[in-house]
Structures are given as structure tokens and as C-alpha cells.
$ cat coords.cif   # mmCIF, C-alpha atoms
data_start
loop_
_atom_site.label_atom_id
_atom_site.label_comp_id
_atom_site.auth_asym_id
_atom_site.auth_seq_id
_atom_site.Cartn_x
_atom_site.Cartn_y
_atom_site.Cartn_z
CA MET A 48 6.88 24.71 -24.37
CA GLY A 49 4.30 23.74 -21.74
CA SER A 50 4.32 24.06 -17.97
CA PRO A 51 7.06 22.31 -15.98
CA LYS A 52 5.79 19.56 -13.67
CA ASN A 53 5.56 20.72 -10.06
CA LEU A 54 7.15 18.04 -7.90
CA ASN A 55 6.03 19.87 -4.76
CA GLN A 56 2.59 18.37 -5.44
CA PRO A 57 2.40 14.76 -4.10
CA GLU A 58 0.23 13.54 -6.99
CA THR A 59 2.71 14.92 -9.54
CA TYR A 60 5.61 13.43 -7.59
CA VAL A 61 3.96 9.98 -7.76
CA GLU A 62 3.38 10.35 -11.50
CA ALA A 63 7.01 11.41 -11.91
CA LEU A 64 8.14 8.19 -10.19
CA VAL A 65 5.93 6.23 -12.58
CA GLN A 66 7.37 8.02 -15.60
CA ALA A 67 10.91 7.45 -14.31
CA ALA A 68 10.28 3.69 -14.22
CA LEU A 69 8.41 3.46 -17.52
CA LEU A 70 10.66 5.77 -19.55
CA ASN A 71 13.86 4.48 -17.95
CA ASN A 72 15.75 7.14 -19.87
CA LEU A 73 17.34 10.22 -18.33
CA GLU A 74 16.87 12.53 -21.32
CA ALA A 75 13.24 11.47 -21.90
CA LEU A 76 12.42 12.02 -18.22
CA THR A 77 14.17 15.39 -18.25
CA GLU A 78 12.04 16.45 -21.21
CA TRP A 79 8.89 15.18 -19.44
CA LEU A 80 9.71 17.20 -16.31
CA ALA A 81 10.29 20.38 -18.29
CA ASP A 82 7.33 19.66 -20.59
CA ASP A 83 9.60 20.96 -23.32
CA PRO A 84 11.05 18.99 -26.28
CA ASP A 85 13.75 21.69 -26.51
CA VAL A 86 14.79 21.38 -22.87
CA ALA A 87 18.41 20.95 -23.97
CA ALA A 88 18.39 24.67 -24.77
CA SER A 89 16.83 25.65 -21.43
CA PRO A 90 18.96 27.68 -19.03
CA PHE A 91 17.64 25.37 -16.32
CA LEU A 92 18.55 22.11 -18.03
CA HIS A 93 20.93 21.20 -15.20
CA TRP A 94 18.09 21.51 -12.67
CA TYR A 95 15.68 19.39 -14.68
CA ARG A 96 18.37 16.80 -15.18
CA TYR A 97 19.24 16.82 -11.47
CA PHE A 98 15.65 16.04 -10.52
CA ALA A 99 15.36 13.42 -13.28
CA GLU A 100 18.46 11.67 -11.88
CA ARG A 101 17.02 11.77 -8.36
CA LEU A 102 13.70 10.31 -9.54
CA MET A 103 15.38 7.50 -11.47
CA ALA A 104 17.42 6.62 -8.36
CA MET A 105 14.33 6.47 -6.12
CA THR A 106 11.58 5.04 -8.31
CA PRO A 107 10.34 1.48 -7.61
CA GLN A 108 12.10 -0.68 -10.22
CA PRO A 109 10.17 -3.71 -11.58
CA GLU A 110 13.33 -5.70 -12.29
CA GLN A 111 14.34 -5.32 -8.64
CA GLY A 112 10.97 -6.42 -7.26
CA PHE A 113 10.03 -2.81 -6.47
CA ALA A 114 12.28 -2.93 -3.40
CA ALA A 115 12.91 0.39 -1.67
CA LYS A 116 16.38 1.76 -2.23
CA PRO A 117 18.20 4.31 -0.06
CA ALA A 118 18.66 7.37 -2.22
CA LYS A 119 22.02 9.12 -2.22
CA VAL A 120 21.44 12.68 -1.12
CA VAL A 121 22.95 15.09 -3.61
CA PRO A 122 22.33 18.83 -3.16
CA PRO A 123 20.60 20.56 -6.07
CA PRO A 124 22.67 22.78 -8.34
CA LYS A 125 22.84 26.40 -7.33
CA ILE A 126 23.50 29.60 -9.23
CA GLY A 127 24.60 32.70 -7.36
CA ARG A 128 22.80 35.95 -8.07
CA ASN A 129 25.97 37.41 -9.51
CA ASP A 130 26.99 34.32 -11.46
CA PRO A 131 26.70 34.31 -15.26
CA CYS A 132 23.21 33.28 -16.32
CA PRO A 133 23.26 29.68 -17.58
CA CYS A 134 21.34 30.71 -20.69
CA GLY A 135 24.56 32.10 -22.17
CA SER A 136 23.39 35.70 -22.52
CA GLY A 137 26.51 37.04 -20.79
CA LYS A 138 24.37 38.81 -18.19
CA LYS A 139 24.42 38.12 -14.48
CA PHE A 140 21.81 35.65 -13.32
CA LYS A 141 20.00 38.34 -11.27
CA GLN A 142 19.68 40.46 -14.43
CA CYS A 143 18.41 37.62 -16.62
CA HIS A 144 16.52 34.40 -15.76
CA ILE A 145 16.35 34.67 -11.97
CA ASP A 146 12.63 35.45 -12.12
CA ASN A 147 12.03 32.05 -13.75
CA GLU A 148 13.92 30.18 -11.07
CA ASP A 149 10.79 29.16 -9.12
CA ALA A 150 9.64 27.04 -12.08
CA VAL A 151 12.15 24.36 -11.13
CA ILE A 152 13.03 25.03 -7.49
CA TRP A 153 11.23 21.97 -6.19
CA LYS A 154 11.55 20.17 -2.91
CA ILE A 155 12.12 16.47 -3.44
CA GLY A 156 12.67 14.27 -0.46
CA SER A 157 12.56 10.49 -0.53
CA PRO A 158 9.06 9.24 -1.46
CA THR A 159 6.82 8.21 1.41
CA HIS A 160 5.62 4.63 1.78
CA MET A 161 2.23 5.71 0.41
CA MET A 162 3.84 7.36 -2.63
CA ARG A 163 5.88 4.24 -3.36
CA ALA A 164 2.78 2.07 -3.04
CA MET A 165 0.81 4.27 -5.44
CA ALA A 166 3.68 4.39 -7.91
CA THR A 167 4.16 0.61 -7.79
CA THR A 168 0.48 0.05 -8.53
CA ARG A 169 0.48 2.43 -11.49
CA ILE A 170 3.69 1.02 -12.92
CA LEU A 171 2.26 -2.50 -12.86
CA GLN A 172 -0.91 -1.30 -14.56
CA ASN A 173 1.24 -0.25 -17.53
CA LEU A 174 3.24 -3.45 -17.96
CA GLY A 175 2.44 -6.27 -20.38
CA LEU A 176 2.87 -9.98 -19.82
CA GLU A 177 6.43 -10.13 -21.18
CA GLU A 178 7.51 -7.39 -18.78
CA LEU A 179 5.63 -8.94 -15.85
CA ASP A 180 7.48 -12.21 -16.37
CA LYS A 181 10.80 -10.42 -15.73
CA ILE A 182 9.78 -9.29 -12.24
CA PRO A 183 11.36 -11.41 -9.46
CA ALA A 184 8.26 -12.20 -7.41
CA GLU A 185 10.39 -13.66 -4.60
CA GLN A 186 11.85 -10.17 -4.02
CA CYS A 187 8.51 -8.36 -3.98
CA ALA A 188 7.14 -6.89 -0.77
CA PRO A 189 3.56 -7.97 0.07
CA LEU A 190 1.87 -4.96 -1.52
CA ALA A 191 3.87 -5.30 -4.74
CA LEU A 192 3.14 -9.04 -4.76
CA ALA A 193 -0.61 -8.43 -4.52
CA GLU A 194 -0.53 -5.84 -7.30
CA LEU A 195 1.59 -8.18 -9.40
CA ALA A 196 -1.09 -10.85 -8.95
CA ALA A 197 -3.72 -8.35 -10.11
CA ALA A 198 -1.62 -7.52 -13.18
CA TYR A 199 -1.39 -11.21 -14.14
CA HIS A 200 -5.13 -11.57 -13.61
CA ARG A 201 -5.68 -8.64 -15.97
CA GLU A 202 -3.57 -10.45 -18.56
CA GLY A 203 -5.71 -13.60 -18.24
CA GLU A 204 -3.06 -15.58 -16.33
CA LEU A 205 -5.44 -16.77 -13.60
CA ASN A 206 -3.31 -19.60 -12.17
CA THR A 207 -0.27 -17.35 -11.81
CA ALA A 208 -2.44 -14.67 -10.21
CA LEU A 209 -3.78 -17.19 -7.70
CA THR A 210 -0.29 -18.46 -6.85
CA LEU A 211 1.04 -14.94 -6.21
CA LEU A 212 -1.95 -13.79 -4.18
CA ASN A 213 -1.86 -16.96 -2.11
CA ARG A 214 1.80 -16.25 -1.35
CA MET A 215 0.95 -12.75 -0.18
CA LEU A 216 -2.04 -13.84 1.95
CA SER A 217 0.07 -16.57 3.55
CA GLY A 218 2.66 -13.99 4.65
CA ASP A 219 2.75 -11.68 7.66
CA ARG A 220 0.27 -9.07 6.30
CA ASP A 221 1.98 -6.30 8.27
CA ASP A 222 1.99 -3.59 5.57
CA PRO A 223 -0.45 -0.87 6.79
CA PHE A 224 -1.32 0.01 3.19
CA LEU A 225 -2.19 -3.58 2.29
CA LEU A 226 -5.99 -3.81 2.10
CA ILE A 227 -6.30 -7.42 3.27
CA ASP A 228 -10.11 -7.27 3.21
CA TYR A 229 -10.02 -6.42 -0.50
CA TRP A 230 -7.49 -9.12 -1.40
CA ILE A 231 -9.38 -11.84 0.51
CA ALA A 232 -12.42 -11.05 -1.65
CA ARG A 233 -10.37 -11.12 -4.85
CA TYR A 234 -8.73 -14.45 -3.99
CA ALA A 235 -12.09 -16.10 -3.30
CA GLU A 236 -13.53 -14.71 -6.55
CA TRP A 237 -10.57 -15.91 -8.57
CA LEU A 238 -10.85 -19.40 -7.05
CA VAL A 239 -14.49 -19.51 -8.16
CA ASP A 240 -13.47 -18.29 -11.63
CA ALA A 241 -10.94 -21.13 -11.75
CA GLY A 242 -13.69 -23.62 -10.93
CA GLN A 243 -12.33 -24.23 -7.42
CA ILE A 244 -15.60 -23.48 -5.63
CA GLY A 245 -14.97 -25.85 -2.72
CA GLU A 246 -11.51 -24.37 -2.19
CA ALA A 247 -12.99 -20.85 -2.19
CA GLU A 248 -15.46 -21.87 0.53
CA ARG A 249 -12.73 -23.55 2.62
CA PHE A 250 -10.49 -20.50 2.24
CA LEU A 251 -13.16 -18.07 3.45
CA LEU A 252 -14.20 -20.26 6.37
CA GLU A 253 -10.56 -20.56 7.45
CA GLU A 254 -10.14 -16.79 7.18
CA HIS A 255 -13.12 -16.38 9.52
CA ARG A 256 -11.73 -18.92 12.00
CA ASN A 257 -8.22 -17.49 11.89
CA GLN A 258 -8.58 -13.74 11.45
CA ARG A 259 -5.35 -11.92 10.61
CA LYS A 260 -5.40 -8.18 9.94
CA VAL A 261 -9.12 -8.37 9.13
CA THR A 262 -12.29 -8.42 11.25
CA GLY A 263 -14.79 -11.26 11.49
CA TRP A 264 -17.67 -9.24 10.08
CA GLN A 265 -15.60 -8.36 6.99
CA VAL A 266 -14.96 -12.03 6.24
CA ALA A 267 -18.62 -12.76 6.99
CA GLN A 268 -19.48 -10.35 4.17
CA LYS A 269 -17.34 -12.36 1.79
CA LEU A 270 -19.02 -15.61 2.87
CA ALA A 271 -22.48 -14.07 2.45
CA ALA A 272 -21.60 -12.89 -1.07
CA PHE A 273 -20.13 -16.30 -1.90
CA TYR A 274 -23.26 -18.18 -0.80
CA ILE A 275 -25.57 -15.75 -2.61
CA ASP A 276 -23.59 -16.36 -5.80
CA GLN A 277 -23.92 -20.11 -5.21
CA ASP A 278 -27.70 -19.71 -4.63
CA ASN A 279 -27.29 -21.14 -1.13
CA LEU A 280 -29.61 -18.63 0.51
CA GLU A 281 -29.84 -20.35 3.89
CA ASN A 282 -26.10 -20.13 4.48
CA ALA A 283 -26.05 -16.64 2.97
CA GLU A 284 -28.59 -15.46 5.55
CA THR A 285 -26.46 -16.81 8.38
CA TRP A 286 -23.43 -14.84 7.24
CA VAL A 287 -25.40 -11.68 6.49
CA ASP A 288 -26.66 -11.78 10.07
CA ILE A 289 -23.14 -12.33 11.43
CA SER A 290 -21.85 -9.40 9.39
CA LEU A 291 -24.69 -7.14 10.57
CA ALA A 292 -24.03 -8.13 14.17
CA GLY A 293 -20.41 -7.07 13.74
CA ASN A 294 -21.15 -3.76 12.01
CA GLN A 295 -24.67 -2.38 11.59
CA ASP A 296 -23.50 0.62 9.59
CA ASN A 297 -21.63 -0.93 6.69
CA PRO A 298 -23.59 -0.26 3.48
CA PHE A 299 -22.26 -3.30 1.61
CA THR A 300 -23.72 -5.66 4.22
CA HIS A 301 -27.13 -4.03 3.76
CA TYR A 302 -26.70 -4.38 0.01
CA LEU A 303 -26.04 -8.11 0.51
CA ARG A 304 -29.16 -8.31 2.67
CA GLY A 305 -31.00 -6.71 -0.23
CA LEU A 306 -29.62 -9.26 -2.70
CA LEU A 307 -30.58 -12.13 -0.40
CA ASN A 308 -34.18 -10.99 -0.09
CA HIS A 309 -34.31 -10.01 -3.74
CA ALA A 310 -33.46 -13.59 -4.64
CA ARG A 311 -36.29 -14.73 -2.34
CA GLU A 312 -38.67 -12.22 -3.98
CA ALA A 313 -39.24 -10.58 -0.60
CA TRP A 314 -39.57 -7.26 -2.38
CA ASP A 315 -40.31 -4.92 0.52
CA VAL A 316 -37.40 -6.23 2.63
CA ALA A 317 -35.05 -6.07 -0.37
CA ILE A 318 -36.04 -2.47 -1.16
CA GLU A 319 -35.64 -1.43 2.48
CA ALA A 320 -32.16 -3.00 2.60
CA TYR A 321 -31.06 -1.38 -0.67
CA GLU A 322 -32.31 2.02 0.50
CA ARG A 323 -30.50 1.60 3.82
CA ALA A 324 -27.29 0.78 1.93
CA ASP A 325 -27.75 3.91 -0.17
CA ALA A 326 -28.27 6.11 2.89
CA LEU A 327 -25.20 4.73 4.67
CA SER A 328 -22.97 5.05 1.60
CA HIS A 329 -23.18 8.86 1.85
CA HIS A 330 -20.45 8.56 4.49
CA PHE A 331 -18.11 6.96 1.96
CA GLN A 332 -15.45 8.80 0.05
CA GLU A 333 -16.28 9.74 -3.53
CA GLN A 334 -14.81 6.66 -5.23
CA GLU A 335 -16.38 4.21 -2.76
CA ARG A 336 -19.69 6.05 -3.00
CA ALA A 337 -19.66 5.81 -6.80
CA TYR A 338 -18.95 2.07 -6.62
CA MET A 339 -21.81 1.56 -4.16
CA LEU A 340 -24.23 3.51 -6.37
CA GLU A 341 -23.20 1.43 -9.36
CA LEU A 342 -24.10 -1.72 -7.42
CA LEU A 343 -27.37 -0.36 -6.06
CA THR A 344 -28.98 1.42 -8.99
CA GLY A 345 -30.02 -1.52 -11.15
CA SER A 346 -30.84 -3.81 -8.22
CA LEU A 347 -33.09 -1.25 -6.56
CA GLU A 348 -34.93 -0.48 -9.78
CA ARG A 349 -35.56 -4.18 -10.42
CA ALA A 350 -36.74 -4.78 -6.87
CA ARG A 351 -39.23 -1.92 -7.12
CA ALA A 352 -40.49 -3.39 -10.39
CA GLN A 353 -40.57 -6.86 -8.76
CA LEU A 354 -38.16 -8.22 -11.36
CA PRO A 355 -35.62 -10.93 -10.53
CA LEU A 356 -31.92 -10.27 -10.24
CA LEU A 357 -29.94 -10.38 -13.47
CA ASP A 358 -27.52 -13.24 -13.81
CA GLU A 359 -23.94 -12.44 -14.79
CA SER A 360 -24.39 -12.79 -18.56
CA GLU A 361 -27.55 -10.68 -18.53
CA ALA A 362 -25.85 -7.98 -16.46
CA GLU A 363 -22.95 -7.81 -18.91
CA ALA A 364 -25.35 -7.55 -21.86
CA GLU A 365 -27.32 -4.79 -20.17
CA THR A 366 -24.21 -2.68 -19.60
CA ALA A 367 -22.63 -3.37 -22.99
CA SER A 368 -22.07 -0.44 -25.32
CA PRO A 369 -23.79 -0.38 -28.75
CA SER A 370 -20.50 -1.33 -30.42
CA GLN A 371 -20.07 -4.23 -28.01
CA GLU A 372 -23.60 -5.41 -28.69
CA ALA A 373 -22.92 -5.30 -32.45
CA GLU A 374 -19.78 -7.36 -31.95
CA ASN A 375 -21.69 -9.88 -29.85
CA LYS A 376 -24.31 -10.29 -32.59
CA GLU A 377 -21.62 -10.89 -35.18
#
$ encode --input "coords.cif" --output "C-alpha cells"
Amino acid sequence: MGSPKNLNQPETYVEALVQAALLNNLEALTEWLADDPDVAASPFLHWYRYFAERLMAMTPQPEQGFAAKPAKVVPPPKIGRNDPCPCGSGKKFKQCHIDNEDAVIWKIGSPTHMMRAMATTRILQNLGLEELDKIPAEQCAPLALAELAAAYHREGELNTALTLLNRMLSGDRDDPFLLIDYWIARYAEWLVDAGQIGEAERFLLEEHRNQRKVTGWQVAQKLAAFYIDQDNLENAETWVDISLAGNQDNPFTHYLRGLLNHAREAWDVAIEAYERADALSHHFQEQERAYMLELLTGSLERARAQLPLLDESEAEAETASPSQEAENKE
């Protein structure tokens, strides 16, 4: 027997919602909550099962488009101090297992919007193509629709991913947890991957003309990155300048300025821009900071050595593991 999951902790509560959707089995979820394969013999089985039932009623369900459902409020089971202990010992509860009661006296209200969003994302990350195809996209809220698009992209279904993400971006964009800036970048990248370079450019320019739930300098970043990738450095410079004018303190814009000057072999300017991006990224949260460092490290080293930027295939080869390199040679 391990340690029962503590649903008072938000992170554990989110994981419990994920398990409820993926297991889709009351007994399996009850066992997971108790962390005990012999939970059927536990004196607190009825508590574990109560919480498992609540979780299964509230978890975002893929087959229902992850729509929020009002959960029926059912009070948790109670045992009086003088009631017989549920373990069957014949003793009163206060003389037997009452000291273990805190292990499963959790508070479990309806999940917050943030919890549902996190759970939906994690559930989708665990589904294969056959399961994804069963999800009614027309019933999905915008955030679920975007994550569904990402799941199809992961499975190599690029056209389906583009269709779903286009549907989300064409909607109202009112979900406060929907990172529109992120999804605009993904959509443009996927269009390029699909060979629709002109459409990617038109999409980004339209996003800059008609800004919805995103700022102009953020879209300017995407245009700068697009033109750098297309080796159109004149246009890239224009959009780097627009992005800097909108926000002087965003590290990614300085990184783009570094890439632009790196491509021009203006080494000193590139190094200065990379270093500025590094300094500003200290204000990021840990995950964002790690991502920024990953981008900067190789580029800065190459600029200091006055070496050109790696193209995509070279970058992949440089970061490949020894086993991957062996497979590539074969």
C-alpha cells in the first residue's frame, strides 16, 4: 500500500481528473486514489469510491467534446465517532481507525476553469489517432479545439490540424486561458510546413491589420520570424523594428534581432542582441526561461565564433542523440 492521493492539492486534483477520463473505470480510479491494489479491503473504501464517482462525473470527457458539466452535489459519507468501525473489527470508530480518517477527508469542489483546461490538455496528450477521431470537434470549446489541433499535428495529420486551428482562430477568442499569441505562431508554422508559404504570409499580415486578443508587436514578432526563415532580411528588419517599438523589453524580439544580424554576419550587433535577450529572459518564469536559453545558447556561441546560423537539418543533426545518429547513418 502506498500513499493515498491528496485531492486538496490542485496539481493532484488535475491529475485525478486526467486519470478519471483515461481509466474510465470506477474501480480502477478508486484503486488509483487509494494507491492500494487491495482497496476493496480498506475500511475507507466507501470514501475512495465516493471521490472516484465525483471525479468521473466532473472530468472533461473526450466523447462529449470536453464540455463542462454541472456536477451533482452529493455529501461525502460520514461515520459517527460511536458508529461501528467500517473495517469490521467490532470496535467503535473512535477506538479503531479514526486516526486514519484524515488520509481521505479531502475537499473536492467543482474544478476551476484553469483545472479543466489543464486536464483537457493532458488528456489529449494521451490519446491516439483512433481516439481523437471520436471527439466531436463541433462541440469543443475554443481551448479544447486548439489542443485537439495540436494532438492531430502530433499524430502527423497536418491538414486536419490546420482545419481545426483555423476554426478556433476564426472564432470569438474570448477564453482568458487561450494563448492566442502562441496559436497564431503555430498556425503560421504549420502553413509553412504544408507548403502554403503565401497563405502563411497573408494570414500574419491580416492578423496584424485586424488584431483580436493579441497586440500588434506580438504579431510583428511572428512576421519577423517568418521573413527570417524565408531569408527575406529586408522585410524581417521592418518587423523586428515594429516589434521593438511596441515592446523594448521582450527577450524574443531581441533574439530575432540577433538572428537577423547573424544572417547578415554583423557579428557584434548579433552578439549584443543575443546578450540583451539573455538578460531580459531572467524575468521569465522557469519554463519560459529554459526555452529562451535553449534558443540562445547555440546561436550566441556561433556568433562569437563568427560561424553562420545552422539550417534546420543541421540543427537537428547537432542535437541528435548517439542512437539517433546511428539510425540516421543506417
$ closest_residue --input "coords.cif" --among "A:Leu354, A:Val316, A:Leu70, A:Leu342" --to "Arg304 of chain A" --atoms "only C-alpha atoms"
A:Val316
$ residues_around --input "coords.cif" --residues "Ala115 of chain A" --least-positions-apart "4" --cutoff "9 Å" --atoms "only C-alpha atoms" --output "list in words"
Met105, Thr106, Pro107, Gln108 and Arg163 of chain A
$ atom_distance --input "coords.cif" --atom1 "atom CA of Thr344 of chain A" --atom2 "atom CA of Ile289 of chain A"
25.3 Å
$ residues_around --input "coords.cif" --residues "segment 176-192 of chain A" --least-positions-apart "6" --cutoff "10 Å" --atoms "all atoms listed in the file" --output "VMD selection string"
chain A and resid 107 to 115 163 to 164 167 to 168 198 to 199 201 to 204 208 211 to 227
$ residues_around --input "coords.cif" --residues "Leu251 of chain A" --least-positions-apart "3" --cutoff "8 Å" --atoms "only C-alpha atoms" --output "list in words"
Ile231, Ala235, Ala247, Glu248, Glu254, His255, Val266, Lys269 and Leu270 of chain A
$ resolve_selection --input "coords.cif" --expression "the PyMOL selection byres ((chain A and resi 84-90) around 10)" --output "list in words"
Met48, Gly49, Glu74, Ala75, Thr77, Glu78, Trp79, Leu80, Ala81, Asp82, Asp83, Phe91, Leu92, His93, Trp94, Tyr95, Arg96, Cys132, Pro133, Cys134, Gly135, Ser136, His144, Asn147 and Glu148 of chain A
$ write_last_selection --input "coords.cif" --atoms "C-alpha atoms" --output "tab-separated table (two decimals), keeping the file's coordinate frame"
chain	number	residue	atom	x	y	z
A	48	MET	CA	6.88	24.71	-24.37
A	49	GLY	CA	4.30	23.74	-21.74
A	74	GLU	CA	16.87	12.53	-21.32
A	75	ALA	CA	13.24	11.47	-21.90
A	77	THR	CA	14.17	15.39	-18.25
A	78	GLU	CA	12.04	16.45	-21.21
A	79	TRP	CA	8.89	15.18	-19.44
A	80	LEU	CA	9.71	17.20	-16.31
A	81	ALA	CA	10.29	20.38	-18.29
A	82	ASP	CA	7.33	19.66	-20.59
A	83	ASP	CA	9.60	20.96	-23.32
A	91	PHE	CA	17.64	25.37	-16.32
A	92	LEU	CA	18.55	22.11	-18.03
A	93	HIS	CA	20.93	21.20	-15.20
A	94	TRP	CA	18.09	21.51	-12.67
A	95	TYR	CA	15.68	19.39	-14.68
A	96	ARG	CA	18.37	16.80	-15.18
A	132	CYS	CA	23.21	33.28	-16.32
A	133	PRO	CA	23.26	29.68	-17.58
A	134	CYS	CA	21.34	30.71	-20.69
A	135	GLY	CA	24.56	32.10	-22.17
A	136	SER	CA	23.39	35.70	-22.52
A	144	HIS	CA	16.52	34.40	-15.76
A	147	ASN	CA	12.03	32.05	-13.75
A	148	GLU	CA	13.92	30.18	-11.07
$ residues_near_point --input "coords.cif" --point "(-36.5, -9.0, -12.1)" --cutoff "12 Å" --atoms "all atoms listed in the file" --output "PyMOL selection string"
chain A and resi 306+309-314+345-358+361-362
$ atom_distance --input "coords.cif" --atom1 "atom CA of Ala272 of chain A" --atom2 "atom CA of Gln172 of chain A"
27.3 Å
$ resolve_selection --input "coords.cif" --expression "the PyMOL selection byres ((chain A and resi 63) around 10)" --output "list of chain:residue names"
A:Lys52, A:Asn53, A:Leu54, A:Pro57, A:Glu58, A:Thr59, A:Tyr60, A:Val61, A:Glu62, A:Leu64, A:Val65, A:Gln66, A:Ala67, A:Ala68, A:Leu69, A:Leu76, A:Trp79, A:Leu80, A:Phe98, A:Ala99, A:Leu102, A:Met103, A:Thr106, A:Ala166
$ residues_around --input "coords.cif" --residues "segment 317-320 of chain A" --least-positions-apart "2" --cutoff "6 Å" --atoms "only C-alpha atoms" --output "mmCIF file with C-alpha atoms, keeping the file's coordinate frame"
data_model
loop_
_atom_site.group_PDB
_atom_site.id
_atom_site.type_symbol
_atom_site.label_atom_id
_atom_site.label_comp_id
_atom_site.auth_asym_id
_atom_site.auth_seq_id
_atom_site.Cartn_x
_atom_site.Cartn_y
_atom_site.Cartn_z
ATOM 1 C CA HIS A 301 -27.130 -4.030 3.760
ATOM 2 C CA GLY A 305 -31.000 -6.710 -0.230
ATOM 3 C CA ASN A 308 -34.180 -10.990 -0.090
ATOM 4 C CA HIS A 309 -34.310 -10.010 -3.740
ATOM 5 C CA TRP A 314 -39.570 -7.260 -2.380
ATOM 6 C CA ASP A 315 -40.310 -4.920 0.520
ATOM 7 C CA GLU A 322 -32.310 2.020 0.500
ATOM 8 C CA ARG A 323 -30.500 1.600 3.820
#
$ atom_distance --input "coords.cif" --atom1 "atom CA of Gly137 of chain A" --atom2 "atom CA of Glu100 of chain A"
28.1 Å
$ closest_residue --input "coords.cif" --among "A:Arg233, A:Arg169, A:His329, A:Arg128" --to "Ile145 of chain A" --atoms "only C-alpha atoms"
A:Arg128
$ resolve_selection --input "coords.cif" --expression "the PyMOL selection byres ((chain A and resi 127) around 10)" --output "VMD selection string"
chain A and resid 125 to 126 128 to 132 139 to 141 145
$ decode --input "coords.cif" --residues "segment 215-286 of chain A" --atoms "C-alpha atoms" --output "JSON list (two decimals), in the first residue's frame"
[["chain", "number", "residue", "atom", "x", "y", "z"],
["A", 215, "MET", "CA", -10.59, 28.20, -33.40],
["A", 216, "LEU", "CA", -8.77, 31.33, -34.63],
["A", 217, "SER", "CA", -11.83, 32.35, -36.65],
["A", 218, "GLY", "CA", -14.00, 32.22, -33.51],
["A", 219, "ASP", "CA", -14.53, 34.78, -30.75],
["A", 220, "ARG", "CA", -11.23, 34.12, -28.88],
["A", 221, "ASP", "CA", -12.83, 35.10, -25.57],
["A", 222, "ASP", "CA", -11.37, 32.33, -23.38],
["A", 223, "PRO", "CA", -8.92, 34.05, -20.97],
["A", 224, "PHE", "CA", -6.77, 30.91, -20.86],
["A", 225, "LEU", "CA", -6.47, 30.72, -24.65],
["A", 226, "LEU", "CA", -2.96, 31.89, -25.57],
["A", 227, "ILE", "CA", -3.84, 33.43, -28.93],
["A", 228, "ASP", "CA", -0.29, 34.69, -29.47],
["A", 229, "TYR", "CA", 1.01, 31.11, -29.24],
["A", 230, "TRP", "CA", -1.63, 29.65, -31.57],
["A", 231, "ILE", "CA", -1.10, 32.35, -34.22],
["A", 232, "ALA", "CA", 2.56, 31.33, -34.35],
["A", 233, "ARG", "CA", 1.69, 27.63, -34.59],
["A", 234, "TYR", "CA", -0.83, 28.18, -37.38],
["A", 235, "ALA", "CA", 1.67, 30.15, -39.47],
["A", 236, "GLU", "CA", 4.35, 27.49, -38.90],
["A", 237, "TRP", "CA", 2.00, 24.69, -39.88],
["A", 238, "LEU", "CA", 1.00, 26.53, -43.06],
["A", 239, "VAL", "CA", 4.69, 26.78, -43.99],
["A", 240, "ASP", "CA", 5.14, 23.07, -43.20],
["A", 241, "ALA", "CA", 2.21, 22.35, -45.54],
["A", 242, "GLY", "CA", 3.93, 24.31, -48.30],
["A", 243, "GLN", "CA", 1.42, 27.17, -48.07],
["A", 244, "ILE", "CA", 4.02, 29.90, -47.63],
["A", 245, "GLY", "CA", 1.98, 32.63, -49.33],
["A", 246, "GLU", "CA", -1.05, 31.77, -47.20],
["A", 247, "ALA", "CA", 1.10, 31.96, -44.05],
["A", 248, "GLU", "CA", 2.27, 35.44, -45.03],
["A", 249, "ARG", "CA", -1.29, 36.61, -45.83],
["A", 250, "PHE", "CA", -2.56, 35.18, -42.54],
["A", 251, "LEU", "CA", 0.06, 37.00, -40.45],
["A", 252, "LEU", "CA", -0.41, 40.30, -42.27],
["A", 253, "GLU", "CA", -4.17, 40.07, -41.75],
["A", 254, "GLU", "CA", -3.65, 39.31, -38.05],
["A", 255, "HIS", "CA", -1.56, 42.49, -37.80],
["A", 256, "ARG", "CA", -4.20, 44.56, -39.61],
["A", 257, "ASN", "CA", -7.08, 43.10, -37.63],
["A", 258, "GLN", "CA", -5.78, 42.45, -34.12],
["A", 259, "ARG", "CA", -8.08, 40.37, -31.93],
["A", 260, "LYS", "CA", -6.99, 39.41, -28.41],
["A", 261, "VAL", "CA", -3.34, 39.97, -29.39],
["A", 262, "THR", "CA", -1.12, 43.06, -29.64],
["A", 263, "GLY", "CA", 0.48, 44.42, -32.80],
["A", 264, "TRP", "CA", 4.03, 43.91, -31.58],
["A", 265, "GLN", "CA", 3.31, 40.23, -30.87],
["A", 266, "VAL", "CA", 2.15, 39.66, -34.44],
["A", 267, "ALA", "CA", 5.12, 41.70, -35.67],
["A", 268, "GLN", "CA", 7.35, 39.14, -33.95],
["A", 269, "LYS", "CA", 5.70, 36.37, -35.92],
["A", 270, "LEU", "CA", 6.18, 38.27, -39.18],
["A", 271, "ALA", "CA", 9.84, 38.94, -38.36],
["A", 272, "ALA", "CA", 10.42, 35.23, -37.65],
["A", 273, "PHE", "CA", 8.58, 34.28, -40.84],
["A", 274, "TYR", "CA", 10.69, 36.57, -43.03],
["A", 275, "ILE", "CA", 13.94, 35.45, -41.37],
["A", 276, "ASP", "CA", 13.01, 31.85, -42.15],
["A", 277, "GLN", "CA", 12.29, 32.87, -45.75],
["A", 278, "ASP", "CA", 15.67, 34.69, -45.92],
["A", 279, "ASN", "CA", 13.85, 37.95, -46.66],
["A", 280, "LEU", "CA", 16.02, 40.05, -44.37],
["A", 281, "GLU", "CA", 14.76, 43.45, -45.51],
["A", 282, "ASN", "CA", 11.18, 42.67, -44.55],
["A", 283, "ALA", "CA", 12.39, 40.91, -41.40],
["A", 284, "GLU", "CA", 14.17, 44.09, -40.27],
["A", 285, "THR", "CA", 10.99, 46.11, -40.75],
["A", 286, "TRP", "CA", 9.00, 43.81, -38.49]]
